[in-house]
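Peer 1: Got a structure here, written out as structure tokens. Questions coming.
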Amino acid sequence: MIPDHVRVVGNGARAAIISDRRITGLSADVIAELVAEVGPLWHERHQAGLKSRPRKRAVGAGAKHRLVFIDRLLATLVHLRHGATHDVLACWFGVDRSTITRAIGEVRPLLAARARPTTAAETAERYGVGERTAQRLLLAAREVEGGPT
């Protein structure tokens, strides 16, 4: 179940997305796990980005996010599952299209890193293949990503 501190009363889009598994393909419990695992990573990256450049104002000053992390996650999940355009998601969440584009660009790599198996044993177990095939799959994935082989 989604923790109470994550819920905002009156947000119809969020409630509809979480309550109907057809929208994201995930149960509310899995979404809660994603929020718990990926949320802190997103927050760390966001804070590091704020602190990495010279500033005229203190970190935390200025406008607050209209699209909180859980909404960024949900927009990304809907986009990945249904291919909904950024314009449609922007209307649904009540923000500008550029906000959705930025949100998906921030959350998608975090989801990919969480889902990617890192060892041949994990790959073999996840995909039901042998150890040798799993090693080849990992090698091919690293070559595609341009990472070390």
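Scheme for the structure tokens: letters A, B, ... for chains in order shown; per-chain residue numbers from 1; ligand numbers from 1 in order shown.
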Mind the document's chain letters and residue numbers, and return as a ChimeraX atom specification the residues of chain A that DSSP labels helix (DSSP H, G or I).
Peer 2: /A:4-6,12-19,21-24,28-51,69-82,86-93,97-115,120-127,131-145
Peer 1: Within 12 Å of segment 116-125 of chain A, counting only C-alpha atoms, which residues show up once you throw out same-chain ones fewer than 5 positions away? Write them as a list in words, please.
Peer 2: Pro109, Leu110, Leu111, Gly130, Glu131, Arg132, Thr133, Ala134, Gln135, Arg136, Leu137, Leu138, Leu139, Ala141 and Arg142 of chain A
Peer 1: Residues near Arg97 of chain A, anyone? I mean within 7 Å using only C-alpha atoms, not counting same-chain ones fewer than 3 positions away, as a list of chain:residue names.
Peer 2: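 So, after excluding close chain neighbours, the residues are A:His86, A:Asp87, A:Ala90, A:Ile100, A:Thr101.
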Peer 1: Mind checking which residues fall within 9 Å of Val59 of chain A, counting only C-alpha atoms, ignoring those fewer than 5 positions away in the same chain, and posting them as number ranges by chain?
Peer 2: A: 47, 50-51
Peer 1: So how far away is atom CA of Gly105 of chain A from atom CA of Asp71 of chain A, in Å?
Peer 2: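 Distance reported for this atom pair: 13.5 Å.
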Peer 1: Which neighbours of Gly60 of chain A fall inside 12 Å, counting only C-alpha atoms, when residues of the same chain fewer than 2 positions from it are skipped, and could you give them as a VMD selection string?
Peer 2: chain A and resid 46 to 47 50 to 51 55 to 58 62 to 65
Peer 1: Which residues of segment 45-127 of chain A sit at most 9 Å from segment 31-34 of chain A, using only C-alpha atoms? Give each one's shortest atom pair and distance in Å (one decimal place), in chain and ascending residue order, as JSON lines.
Peer 2:
```
{"residue": "A:Ile70", "atom": "CA", "partner": "A:Ile31", "partner_atom": "CA", "distance": 8.8}
{"residue": "A:Leu73", "atom": "CA", "partner": "A:Leu34", "partner_atom": "CA", "distance": 8.4}
{"residue": "A:Leu74", "atom": "CA", "partner": "A:Ile31", "partner_atom": "CA", "distance": 8.4}
{"residue": "A:Leu111", "atom": "CA", "partner": "A:Leu34", "partner_atom": "CA", "distance": 8.4}
```
Peer 1: Can those selected residues be exported to a file as a PDB file, in the first residue's frame so that it contains all heavy atoms?
Peer 2:
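Written file, out.pdb:
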```pdb
ATOM      1  N   ILE A  70       6.508  11.102  -6.838  1.00  0.00           N
ATOM      2  CA  ILE A  70       5.585  10.002  -7.181  1.00  0.00           C
ATOM      3  C   ILE A  70       4.855  10.294  -8.490  1.00  0.00           C
ATOM      4  O   ILE A  70       4.638   9.399  -9.302  1.00  0.00           O
ATOM      5  CB  ILE A  70       4.596   9.681  -6.038  1.00  0.00           C
ATOM      6  CG1 ILE A  70       3.825   8.395  -6.366  1.00  0.00           C
ATOM      7  CG2 ILE A  70       3.676  10.832  -5.760  1.00  0.00           C
ATOM      8  CD1 ILE A  70       3.032   7.825  -5.234  1.00  0.00           C
ATOM      9  N   LEU A  73       7.251   9.594 -11.292  1.00  0.00           N
ATOM     10  CA  LEU A  73       7.334   8.149 -11.489  1.00  0.00           C
ATOM     11  C   LEU A  73       6.114   7.637 -12.247  1.00  0.00           C
ATOM     12  O   LEU A  73       6.239   6.877 -13.218  1.00  0.00           O
ATOM     13  CB  LEU A  73       7.456   7.444 -10.139  1.00  0.00           C
ATOM     14  CG  LEU A  73       7.416   5.918 -10.165  1.00  0.00           C
ATOM     15  CD1 LEU A  73       8.649   5.366 -10.870  1.00  0.00           C
ATOM     16  CD2 LEU A  73       7.305   5.368  -8.759  1.00  0.00           C
ATOM     17  N   LEU A  74       4.930   8.041 -11.827  1.00  0.00           N
ATOM     18  CA  LEU A  74       3.703   7.575 -12.472  1.00  0.00           C
ATOM     19  C   LEU A  74       3.631   8.028 -13.927  1.00  0.00           C
ATOM     20  O   LEU A  74       3.241   7.249 -14.806  1.00  0.00           O
ATOM     21  CB  LEU A  74       2.476   8.053 -11.693  1.00  0.00           C
ATOM     22  CG  LEU A  74       2.320   7.447 -10.305  1.00  0.00           C
ATOM     23  CD1 LEU A  74       1.171   8.119  -9.554  1.00  0.00           C
ATOM     24  CD2 LEU A  74       2.124   5.940 -10.360  1.00  0.00           C
ATOM     25  N   LEU A 111      14.938   3.829 -13.276  1.00  0.00           N
ATOM     26  CA  LEU A 111      14.180   2.580 -13.398  1.00  0.00           C
ATOM     27  C   LEU A 111      14.993   1.536 -14.158  1.00  0.00           C
ATOM     28  O   LEU A 111      15.010   0.360 -13.787  1.00  0.00           O
ATOM     29  CB  LEU A 111      12.851   2.817 -14.109  1.00  0.00           C
ATOM     30  CG  LEU A 111      11.815   3.633 -13.359  1.00  0.00           C
ATOM     31  CD1 LEU A 111      10.609   3.901 -14.259  1.00  0.00           C
ATOM     32  CD2 LEU A 111      11.390   2.940 -12.081  1.00  0.00           C
TER      33      LEU A 111
END
```
Peer 1: With only C-alpha atoms as the atoms that count, which of A:Glu106, A:Glu143, A:Asp96, A:Asp29 lies nearest to Thr76 of chain A?
Peer 2: A:Glu106
Peer 1: Kindly indicate which residue among A:Ile104, A:Ala84, A:Ala140, A:Val78 lies nearest to Leu26 of chain A, using only C-alpha atoms for the distances.
Peer 2: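 The closest residue to Leu26 of chain A is A:Val78.
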Peer 1: Work out how far atom CA of Ser98 of chain A is from atom CA of Arg45 of chain A, in Å to one decimal.
Peer 2: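 About the pair atom CA of Arg45 of chain A and atom CA of Ser98 of chain A: they are 19.0 Å apart.
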